[in-house]
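Undergrad: Take this structure, written in structure tokens, and hold onto it; I'll ask about it next.
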Amino acid sequence: MSRFRNPYRKWKSRVLLSLLGLGALAAVFPLVMILLHLVREGWSALNLAFFTETQKPVGELGGGMAHSILGTLGLVGLASGIGIPLGLASGVYLSEYGGTGQRSGERLAGWVRFALELFSSTPSILIGVFVYGLVVVPMKHFSLLAGALALALILIPLVARTSEELLRLVPGSLREAGLALGIPRWKVILHIVLGSARPAVLASLVLAVARIAGETAPLVFTSFGSPSFVKGITEPTSALPLQIYTYAISPFEEWHRMAWAGALLLVALVLILNAVMRVLSHGLGGGAHE
Amino acid sequence: MSKPQIELETRGLEAYFGDHRALHGISLQAEKFKLLALIGPSGCGKSTFIRCLNRLHEETPGAWAQGEVLLEGEPIYGKGVDPVSIRRKIGMVFQRPNPFPMMSIYENVASGLLLAGVKSRKELDPLVERSLKQAALWDEVKDQLKKPGTRLSGGQQQRLCIARALAVSPPVLLMDEPTSALDPISTARIEELLVELKKSVTVIMVTHNMQQAARISDQTAFFLMGEMVESGATEQIFTNPKDARTEQYITGRFG
Amino acid sequence: MKGDRIFLGALRALSGLSLALLLVFVGLLAHQAWPALRHSGLSFLSSSDWDPGSDGFGALALIYGTVVSSVLALVIAVPVSVAAALCLTEVFSKRVAWLVSFLIEMLAAIPSVVFGLWGIFVLAPFFRSGLQPFLSEKLSFLPLFSGPPLGVGMLTAGVVLAIMITPTLTALSREVFASIPRIQREAALALGATAWETISLSVLKSARSGLATAVILAWGRALGETMAVTMVIGNRPQIQASLFAPAQTLASVLANEYAEASGDLHLSALSAVGLALLLVSLLVHGLSRVLIKRGSAA
């Protein structure tokens with residue numbers, strides 16, 4: 001059989017397979033490039049001043065992004081405080097009372113799922129437009145609160161979807177065992193179902209928070225940005241990704257350097273969180289759902 | 001001979017899944033401190049029946065039941081009866097062992113008590129020990145109570161589930177084919193503990209295994225296609241069944 | 001029983017909040033957009049003259065920019081992603097595949113603004129001084145590559161978008177390929193097919209509909225991208241044949257102009273742009289859902 005094999009086919013296979021490999025390389029290449037540039041341009045500007053000082057007036061050298069770091073912490077903290085409970089509540093509701101497939105669920109659940117899907121396919125800049133009209137206009141100025149609300153609106157569908165998926169993975173026999181012990185249903189859901197899924201849900205929350213920490217578009221006209229530390233939740237505030245954007249499109253070289261430094265910090269944070277969580281959940285994936 | 005004490009009784013119990021009637025008017029009595037075995041071919045309604053006894057049946061969407069079920073003379077269905085409180089008195093062990101995954105052995109056994117609000121170790125410790133002893137598991141795990149429940153072997157996990165069910169001190173224990181997923185040695189150990197257990201707890205057990213029913217039960221009921229064909233003392237059912245269908249099943253002509 | 005009722009009620013209320021917010025969202029956006037739509041009428045969609053200063057609100061150039069930049073991104077990303085996905089499922093060993101897919105997942109986690117930053121300071125200069133002069137020299141007969149090489153513009157935006165959607169597209173394609181049963185590959189191999197022929201015959205053919213869905217989903221992602229695009233597209237609402245020309249998308253005009261809109265009509269027009277963007281995104285996502293349903297029914 002092999003004596004009659006056309007050598008052209010074999011050669012063609014080799015060439016095309018190498019092309020495939022090149023494609024895979026091309027997919028990974030940008031990551032390496034971006035990381036290299038981040039380190040090269042940003043590392044030198046990551047000094048103590050970067051972490052402790054705020055924006056200096058235009059033209060002056062020095063300064064830092066302390067106000068942006070703090071701003072991000074505040075925004076993400078508040079957004080999580082609002083978004084995580086709401087997202088988890090929806091996730092629990094959809095998983096325990098919103099059956100799909102064979103089990104029929106409540107009608108409200110179908111509509112909630114629809115609304116959450118719509119929100120999650122909405123471009124994040126439109127979330128900013130929404131919160132602008134809802135909060136910034138009545139308040140008559142930009143604020144940390146508005147920014148946090150916008151981020152929370154992105155967080156809710158994300159948390160709801162992943163937590164619903166994770167809770168559905170908990171076997172029905174565990175729920176029955178809990179009920180059979182004479183435990184009321186709501187305690188079964190909170191302690192046994194959520195309890196079984198706890199490690200996976202926590203990991204997914206960390207990833208979701210890392211994701212909103214990097215969002216810029218929803219903040220552009222809600223928290224807006226500021227050159228100094230935020231004074232209260234009704235005041236505008238800077239945020240790390242937002243400040244990177246502002247600095248990057250400015251004409252000042254000094255600010256460009258800081259944009260790189262800020263980007264390096266942001267990417268380092270996000271990548272470390274993602275990497276750690278994914279490695280952990282590889283180990284959990286076998287253990288959590290038995 | 002004194003009148004036998006009836007722990008649990010059903011009168012005309014019918015169970016439905018939507019419009020489909022799965023159980024037709026079952027009237028059955030379980031005597032106190034005895035083991036009642038329910039036998040019959042697959043799909044004949046035995047599991048549905050016991051799930052009506054602890055009101056687990058109605059947790060399935062679209063499923064419902066009607067008729068009377070009396071525990072020590074008191075109805076467990078009806079207005080104002082809380083299913084949760086019924087389930088504290090009628091425990092259940094399932095076919096596949098299902099210990100709670102994120103909990104230790106101790107926490108698993110104590111889970112029914114913990115979630116009912118009992119928090120103090122002083123109250124929990126003796127109950128956990130007693131339940132594990134009743135489930136013939138104490139000696140094997142007494143030094144590793146903090147170990148996760150899922151790290152035990154299959155047979156041990158099932159005994160853990162038995163201990164868990166017993167910790168809330170239910171007068172009745174329902175068992176749905178508890179040994180069908182286990183190896184013969186684990187099966188034998190559980191049968192041993194049941195013989196001891198039935199002296200203090202009324203047991204109602206569904207089993208696929210007729211030899212098992214013959215070995216450890218005091219009474220037996222034969223189910224077929226949603227009906228209870230015959231019930232009575234185990235010895236009588238197996239040596240001198242009244243109904244022809246019972247005889248056919250026992251001699252292995254079907255099922 | 002009472003505890004259960006309270007719990008369910010709380011869950012319903014908290015979950016229903018999202019539904020209420022959605023209604024408010026769409027209603028608010030439509031309400032804000034109405035004055036401008038009434039002012040411009042159909043010309044909102046047909047005119048490419050976006051000139052807020054003189055109350056001209058034609059969004060055609062924005063639609064053009066959105067569509068061309070996202071389609072360009074797909075043209076670049078699809079071959080790369082499909083190739084990468086095929087390598088992950090068919091060619092690489094388990095360990096190499098784990099490493100490569102890990103790296104691609106990390107790429108997905110990088111925030112949009114960082115892509116934009118890299119686009120402005122690394123990609124754009126490279127295009128301006130390297131790639132674009134090269135292309136206009138060699139392929140000057142194509143109007144696609146005419147005009148001054150500015151660095152920022154449609155091409156740069158398309159490339160950055162392509163990099164950003166590659167991880168998603170790779171992951172989705174990988175799922176599609178992985179779901180094709182082994183038996184089909186084995187059948188091809190048993191017939192004496194080469195490695196490439198096996199892939200082409202047994203995997204690519206059956207994956208066509210799944211891949212189509214993946215492409216639509218990735219397209220939806222590209223349509224919603226704002227920051228990176230704003231930073232490298234040049235922010236000039238215009239329709240030009242050349243890929244070197246600056247442009248503007250529906251999303252990037254919002255990022256640029258919304259905070260400092262000059263007057264109520266401008267703001268209203270921007271809300272109309274937002275509405276258009278929302279409709280486009282929802283249509284594309286809806287399309288992908290339909291394709292998924294059809295795929296799973298088949």
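Chain lettering (A, B, ...) mirrors the order of the structure tokens, residue numbering begins at 1 for each chain separately, and ligand numbering begins at 1 in order of display.
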Once you count only C-alpha atoms, which residues of chain C turn out to be within 7 Å of chain A? Could you give them as a PyMOL selection string?
TA: chain C and resi 3-4+7+11+14-16+18-19+22+25+80-81+83-84+87+103-104+106-107+109-111+113-114+117-118+166+194-196+224-227+255+259+274+278+281-282+285
Undergrad: Take the residues that were just selected and, keeping N, CA and C atoms, output them as a CSV table (one decimal), in the first residue's frame.
TA:
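See selection_25.csv below for the written result:
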chain,number,residue,atom,x,y,z
C,3,GLY,N,-39.5,30.0,56.6
C,3,GLY,CA,-38.2,30.4,56.2
C,3,GLY,C,-38.0,30.2,54.7
C,4,ASP,N,-38.6,29.1,54.1
C,4,ASP,CA,-38.5,28.9,52.7
C,4,ASP,C,-39.1,30.0,51.9
C,7,PHE,N,-37.1,33.2,52.0
C,7,PHE,CA,-35.9,33.0,51.2
C,7,PHE,C,-36.2,33.1,49.7
C,11,LEU,N,-34.9,35.9,47.1
C,11,LEU,CA,-34.2,35.6,45.8
C,11,LEU,C,-35.0,36.2,44.6
C,14,LEU,N,-34.3,40.0,44.5
C,14,LEU,CA,-32.9,40.4,44.1
C,14,LEU,C,-32.7,40.1,42.7
C,15,SER,N,-33.3,39.0,42.2
C,15,SER,CA,-33.1,38.6,40.8
C,15,SER,C,-33.9,39.5,39.9
C,16,GLY,N,-35.1,39.8,40.4
C,16,GLY,CA,-36.0,40.6,39.5
C,16,GLY,C,-35.5,42.0,39.3
C,18,SER,N,-32.6,42.8,38.3
C,18,SER,CA,-31.9,42.8,37.0
C,18,SER,C,-32.9,43.1,35.9
C,19,LEU,N,-34.0,42.4,36.0
C,19,LEU,CA,-35.1,42.6,34.9
C,19,LEU,C,-35.5,44.0,34.9
C,22,LEU,N,-33.0,46.3,33.4
C,22,LEU,CA,-32.9,46.2,31.9
C,22,LEU,C,-34.0,47.1,31.2
C,25,PHE,N,-33.0,50.6,31.5
C,25,PHE,CA,-31.9,50.8,30.6
C,25,PHE,C,-32.4,51.1,29.2
C,80,VAL,N,-5.9,32.3,12.1
C,80,VAL,CA,-5.0,32.1,13.2
C,80,VAL,C,-5.6,31.2,14.3
C,81,SER,N,-6.9,31.6,14.6
C,81,SER,CA,-7.5,30.9,15.7
C,81,SER,C,-7.8,29.4,15.4
C,83,ALA,N,-6.3,27.6,13.2
C,83,ALA,CA,-5.1,26.9,13.1
C,83,ALA,C,-4.6,26.5,14.5
C,84,ALA,N,-4.7,27.5,15.4
C,84,ALA,CA,-4.2,27.3,16.8
C,84,ALA,C,-5.1,26.2,17.4
C,87,CYS,N,-4.2,22.8,16.2
C,87,CYS,CA,-3.0,22.3,16.8
C,87,CYS,C,-3.3,21.8,18.2
C,103,LEU,N,-1.4,29.9,27.9
C,103,LEU,CA,-0.9,31.2,27.4
C,103,LEU,C,-2.0,32.0,26.7
C,104,ILE,N,-2.8,31.3,25.9
C,104,ILE,CA,-3.8,32.0,25.2
C,104,ILE,C,-4.9,32.5,26.2
C,106,MET,N,-4.3,33.5,29.1
C,106,MET,CA,-3.7,34.7,29.8
C,106,MET,C,-3.8,35.9,28.9
C,107,LEU,N,-3.7,35.7,27.6
C,107,LEU,CA,-3.9,36.8,26.6
C,107,LEU,C,-5.3,37.3,26.8
C,109,ALA,N,-7.0,37.6,29.4
C,109,ALA,CA,-7.3,38.3,30.6
C,109,ALA,C,-6.7,39.7,30.6
C,110,ILE,N,-5.9,40.0,29.5
C,110,ILE,CA,-5.3,41.4,29.5
C,110,ILE,C,-6.4,42.4,29.2
C,111,PRO,N,-6.4,43.5,30.0
C,111,PRO,CA,-7.5,44.5,29.9
C,111,PRO,C,-7.4,45.2,28.5
C,113,VAL,N,-7.5,48.3,27.7
C,113,VAL,CA,-6.8,49.6,27.7
C,113,VAL,C,-5.3,49.3,27.5
C,114,VAL,N,-4.8,48.1,27.9
C,114,VAL,CA,-3.4,47.8,27.7
C,114,VAL,C,-3.2,47.4,26.3
C,117,LEU,N,-2.8,50.7,24.7
C,117,LEU,CA,-1.5,51.3,25.0
C,117,LEU,C,-0.5,50.8,24.1
C,118,TRP,N,-0.4,49.5,24.0
C,118,TRP,CA,0.5,48.8,23.1
C,118,TRP,C,0.3,49.1,21.7
C,166,THR,N,-8.8,36.7,19.3
C,166,THR,CA,-8.2,35.4,19.1
C,166,THR,C,-8.4,34.4,20.2
C,194,THR,N,-3.1,11.1,5.0
C,194,THR,CA,-2.0,11.8,5.8
C,194,THR,C,-2.6,12.5,6.9
C,195,ALA,N,-1.7,13.1,7.7
C,195,ALA,CA,-2.2,13.8,8.9
C,195,ALA,C,-3.0,14.9,8.5
C,196,TRP,N,-2.6,15.7,7.5
C,196,TRP,CA,-3.4,16.8,7.1
C,196,TRP,C,-4.7,16.4,6.5
C,224,GLY,N,-18.3,45.1,20.4
C,224,GLY,CA,-18.5,45.9,21.6
C,224,GLY,C,-17.2,46.5,22.2
C,225,GLU,N,-16.1,46.1,21.6
C,225,GLU,CA,-14.8,46.6,22.1
C,225,GLU,C,-14.7,48.1,21.9
C,226,THR,N,-14.3,48.8,22.9
C,226,THR,CA,-14.2,50.3,22.9
C,226,THR,C,-12.9,50.8,23.1
C,227,MET,N,-12.2,50.6,24.2
C,227,MET,CA,-11.0,51.4,24.6
C,227,MET,C,-9.9,51.1,23.6
C,255,ALA,N,-17.0,56.9,23.5
C,255,ALA,CA,-15.9,57.1,24.5
C,255,ALA,C,-15.3,58.5,24.3
C,259,ALA,N,-18.7,62.4,27.2
C,259,ALA,CA,-18.5,63.2,28.5
C,259,ALA,C,-18.5,64.7,28.2
C,274,GLY,N,-25.7,55.0,20.8
C,274,GLY,CA,-25.7,53.9,21.8
C,274,GLY,C,-26.8,52.9,21.5
C,278,LEU,N,-26.4,49.0,20.7
C,278,LEU,CA,-27.0,48.0,21.4
C,278,LEU,C,-27.8,47.1,20.5
C,281,SER,N,-25.4,44.8,18.6
C,281,SER,CA,-24.8,43.7,19.5
C,281,SER,C,-25.9,42.7,19.8
C,282,LEU,N,-27.1,43.1,20.1
C,282,LEU,CA,-28.1,42.1,20.5
C,282,LEU,C,-28.5,41.3,19.3
C,285,HIS,N,-25.7,38.7,18.9
C,285,HIS,CA,-25.8,37.7,19.9
C,285,HIS,C,-27.0,36.8,19.7
Undergrad: Using DSSP on the backbone coordinates, identify all residues within segment 25-101 of chain B classified as strand (DSSP E); present the result as JSON, numbers by chain.
TA: {"B": [25, 26, 27, 28, 29, 30, 31, 35, 36, 37, 38, 39, 63, 64, 65, 66, 67, 68, 69, 70, 71, 74, 75, 90, 91, 92, 93]}
Undergrad: For atom CA of Glu31 of chain B and atom CA of Lys198 of chain B, quote the distance in Å rounded to one decimal.
TA: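 According to the coordinates, atom CA of Glu31 of chain B and atom CA of Lys198 of chain B are separated by 10.7 Å.
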Undergrad: With a distance threshold of 9 Å and counting only C-alpha atoms, extract the residues of chain B near chain C and express them as a VMD selection string.
TA: chain B and resid 82 to 84
Undergrad: Take the residues just selected and output them with N, CA and C atoms as an mmCIF file, in the first residue's frame.
TA:
data_model
loop_
_atom_site.group_PDB
_atom_site.id
_atom_site.type_symbol
_atom_site.label_atom_id
_atom_site.label_comp_id
_atom_site.auth_asym_id
_atom_site.auth_seq_id
_atom_site.Cartn_x
_atom_site.Cartn_y
_atom_site.Cartn_z
ATOM 1 N N ASP B 82 -45.797 20.367 58.887
ATOM 2 C CA ASP B 82 -44.593 20.836 58.235
ATOM 3 C C ASP B 82 -43.739 19.634 57.795
ATOM 4 N N PRO B 83 -43.509 19.485 56.504
ATOM 5 C CA PRO B 83 -42.721 18.323 56.045
ATOM 6 C C PRO B 83 -41.354 18.242 56.711
ATOM 7 N N VAL B 84 -40.784 19.410 57.005
ATOM 8 C CA VAL B 84 -39.450 19.424 57.602
ATOM 9 C C VAL B 84 -39.454 18.687 58.939
#
Undergrad: Rounded to one decimal in Å, what is the spacing between atom CA of Ile50 of chain B and atom CA of Leu127 of chain B?
TA: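 Between atom CA of Ile50 of chain B and atom CA of Leu127 of chain B the gap works out to 25.9 Å.
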Undergrad: Please build the interface table for segment 47-138 of chain C against segment 145-149 of chain C with a cut-off of 9 Å, listing for each qualifying residue the nearest atom pair and the distance in Å to one decimal; count only C-alpha atoms, order rows by chain and increasing number, and write it as a tab-separated table.
TA:
residue	atom	partner	partner_atom	distance
C:Phe127	CA	C:Pro149	CA	7.5
C:Arg128	CA	C:Pro149	CA	5.3
C:Ser129	CA	C:Pro149	CA	7.8
C:Leu131	CA	C:Pro149	CA	8.9
C:Gln132	CA	C:Pro149	CA	5.6
C:Pro133	CA	C:Pro149	CA	6.5
C:Leu135	CA	C:Phe145	CA	6.5
C:Ser136	CA	C:Phe145	CA	5.4
C:Glu137	CA	C:Phe145	CA	9.0
Undergrad: Only C-alpha atoms, please: the residues just picked out, written as an mmCIF file, in the first residue's frame.
TA:
data_model
loop_
_atom_site.group_PDB
_atom_site.id
_atom_site.type_symbol
_atom_site.label_atom_id
_atom_site.label_comp_id
_atom_site.auth_asym_id
_atom_site.auth_seq_id
_atom_site.Cartn_x
_atom_site.Cartn_y
_atom_site.Cartn_z
ATOM 1 C CA PHE C 127 2.904 50.396 10.895
ATOM 2 C CA ARG C 128 3.743 53.996 10.195
ATOM 3 C CA SER C 129 7.409 53.473 9.543
ATOM 4 C CA LEU C 131 4.510 47.918 7.373
ATOM 5 C CA GLN C 132 2.424 50.586 5.751
ATOM 6 C CA PRO C 133 5.142 52.069 3.536
ATOM 7 C CA LEU C 135 2.391 47.745 1.620
ATOM 8 C CA SER C 136 1.829 50.965 -0.267
ATOM 9 C CA GLU C 137 4.998 50.368 -2.230
#
Undergrad: Could the residues of chain B within 9 Å of chain A, counting only C-alpha atoms, be given as a count of residues only, please?
TA: 35
Undergrad: Could you work out how far atom CA of Val78 of chain C lies from atom CA of Gly220 of chain C, giving the answer in Å with one decimal?
TA: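 Answer for the atom CA of Gly220 of chain C to atom CA of Val78 of chain C separation: 13.8 Å.
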Undergrad: Which neighbours of Trp64 of chain B fall inside 7 Å, counting only C-alpha atoms, when residues of the same chain fewer than 3 positions from it are skipped, and could you give them as a PyMOL selection string?
TA: chain B and resi 15-17+57-58
Undergrad: Please, could you write that set of residues out with N, CA and C atoms as a compact mmCIF listing (two decimals), in the first residue's frame?
TA:
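And here's out.txt as it stands now:
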# COMPACT_ATOMS: atom_id res chain seq x y z
N ALA B 15 -49.78 7.78 44.79
CA ALA B 15 -48.76 8.75 44.41
C ALA B 15 -48.84 9.02 42.92
N TYR B 16 -48.66 10.29 42.55
CA TYR B 16 -48.78 10.69 41.14
C TYR B 16 -47.54 11.45 40.69
N PHE B 17 -47.23 11.28 39.42
CA PHE B 17 -46.29 12.18 38.76
C PHE B 17 -47.11 12.90 37.69
N HIS B 57 -41.25 12.73 48.13
CA HIS B 57 -41.86 12.55 46.81
C HIS B 57 -42.32 13.89 46.23
N GLU B 58 -42.93 14.72 47.12
CA GLU B 58 -43.51 15.95 46.59
C GLU B 58 -42.46 17.00 46.23
Undergrad: Just the residues within 12 Å of Pro184 of chain B, please, counting only C-alpha atoms, with nothing from its chain fewer than 6 positions along; format it as a PyMOL selection string.
TA: chain B and resi 154-155+190-191+209+212
Undergrad: Got a sec: who's within 10 Å of Lys142 of chain B, counting only C-alpha atoms, leaving out chain neighbours fewer than 2 positions off, as a list in words?
TA: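 The residues that qualify are Ile105, Tyr106, Glu129, Leu132, Lys133, Leu137, Trp138, Asp139, Glu140, Gln144, Leu145 and Lys146 of chain B.
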Undergrad: Please produce a file of those selected residues containing N, CA and C atoms, as a PDB file, in the first residue's frame.
TA:
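Generated file (again.pdb):
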ATOM      1  N   ILE B 105     -15.952  13.927  58.687  1.00  0.00           N
ATOM      2  CA  ILE B 105     -16.808  12.836  59.172  1.00  0.00           C
ATOM      3  C   ILE B 105     -17.695  13.346  60.296  1.00  0.00           C
ATOM      4  N   TYR B 106     -17.066  14.043  61.234  1.00  0.00           N
ATOM      5  CA  TYR B 106     -17.815  14.582  62.364  1.00  0.00           C
ATOM      6  C   TYR B 106     -18.932  15.500  61.878  1.00  0.00           C
ATOM      7  N   GLU B 129     -20.946  10.213  68.606  1.00  0.00           N
ATOM      8  CA  GLU B 129     -20.358   8.925  68.957  1.00  0.00           C
ATOM      9  C   GLU B 129     -21.401   7.816  68.940  1.00  0.00           C
ATOM     10  N   LEU B 132     -22.365   6.911  65.339  1.00  0.00           N
ATOM     11  CA  LEU B 132     -21.331   6.150  64.637  1.00  0.00           C
ATOM     12  C   LEU B 132     -21.242   4.726  65.178  1.00  0.00           C
ATOM     13  N   LYS B 133     -21.513   4.556  66.466  1.00  0.00           N
ATOM     14  CA  LYS B 133     -21.497   3.199  67.022  1.00  0.00           C
ATOM     15  C   LYS B 133     -22.677   2.397  66.494  1.00  0.00           C
ATOM     16  N   LEU B 137     -19.434   2.098  62.723  1.00  0.00           N
ATOM     17  CA  LEU B 137     -18.320   2.786  62.082  1.00  0.00           C
ATOM     18  C   LEU B 137     -17.368   3.417  63.107  1.00  0.00           C
ATOM     19  N   TRP B 138     -17.797   3.502  64.355  1.00  0.00           N
ATOM     20  CA  TRP B 138     -17.048   4.248  65.355  1.00  0.00           C
ATOM     21  C   TRP B 138     -15.599   3.781  65.482  1.00  0.00           C
ATOM     22  N   ASP B 139     -15.411   2.475  65.619  1.00  0.00           N
ATOM     23  CA  ASP B 139     -14.061   1.976  65.856  1.00  0.00           C
ATOM     24  C   ASP B 139     -13.111   2.322  64.709  1.00  0.00           C
ATOM     25  N   GLU B 140     -13.640   2.354  63.509  1.00  0.00           N
ATOM     26  CA  GLU B 140     -12.756   2.611  62.376  1.00  0.00           C
ATOM     27  C   GLU B 140     -12.379   4.076  62.221  1.00  0.00           C
ATOM     28  N   GLN B 144     -10.100   9.724  63.470  1.00  0.00           N
ATOM     29  CA  GLN B 144      -9.952  10.581  62.289  1.00  0.00           C
ATOM     30  C   GLN B 144     -11.238  11.325  61.985  1.00  0.00           C
ATOM     31  N   LEU B 145     -11.878  11.820  63.021  1.00  0.00           N
ATOM     32  CA  LEU B 145     -13.186  12.437  62.806  1.00  0.00           C
ATOM     33  C   LEU B 145     -13.102  13.689  61.940  1.00  0.00           C
ATOM     34  N   LYS B 146     -11.864  14.251  61.853  1.00  0.00           N
ATOM     35  CA  LYS B 146     -11.759  15.488  61.079  1.00  0.00           C
ATOM     36  C   LYS B 146     -11.500  15.218  59.598  1.00  0.00           C
TER      37      LYS B 146
END
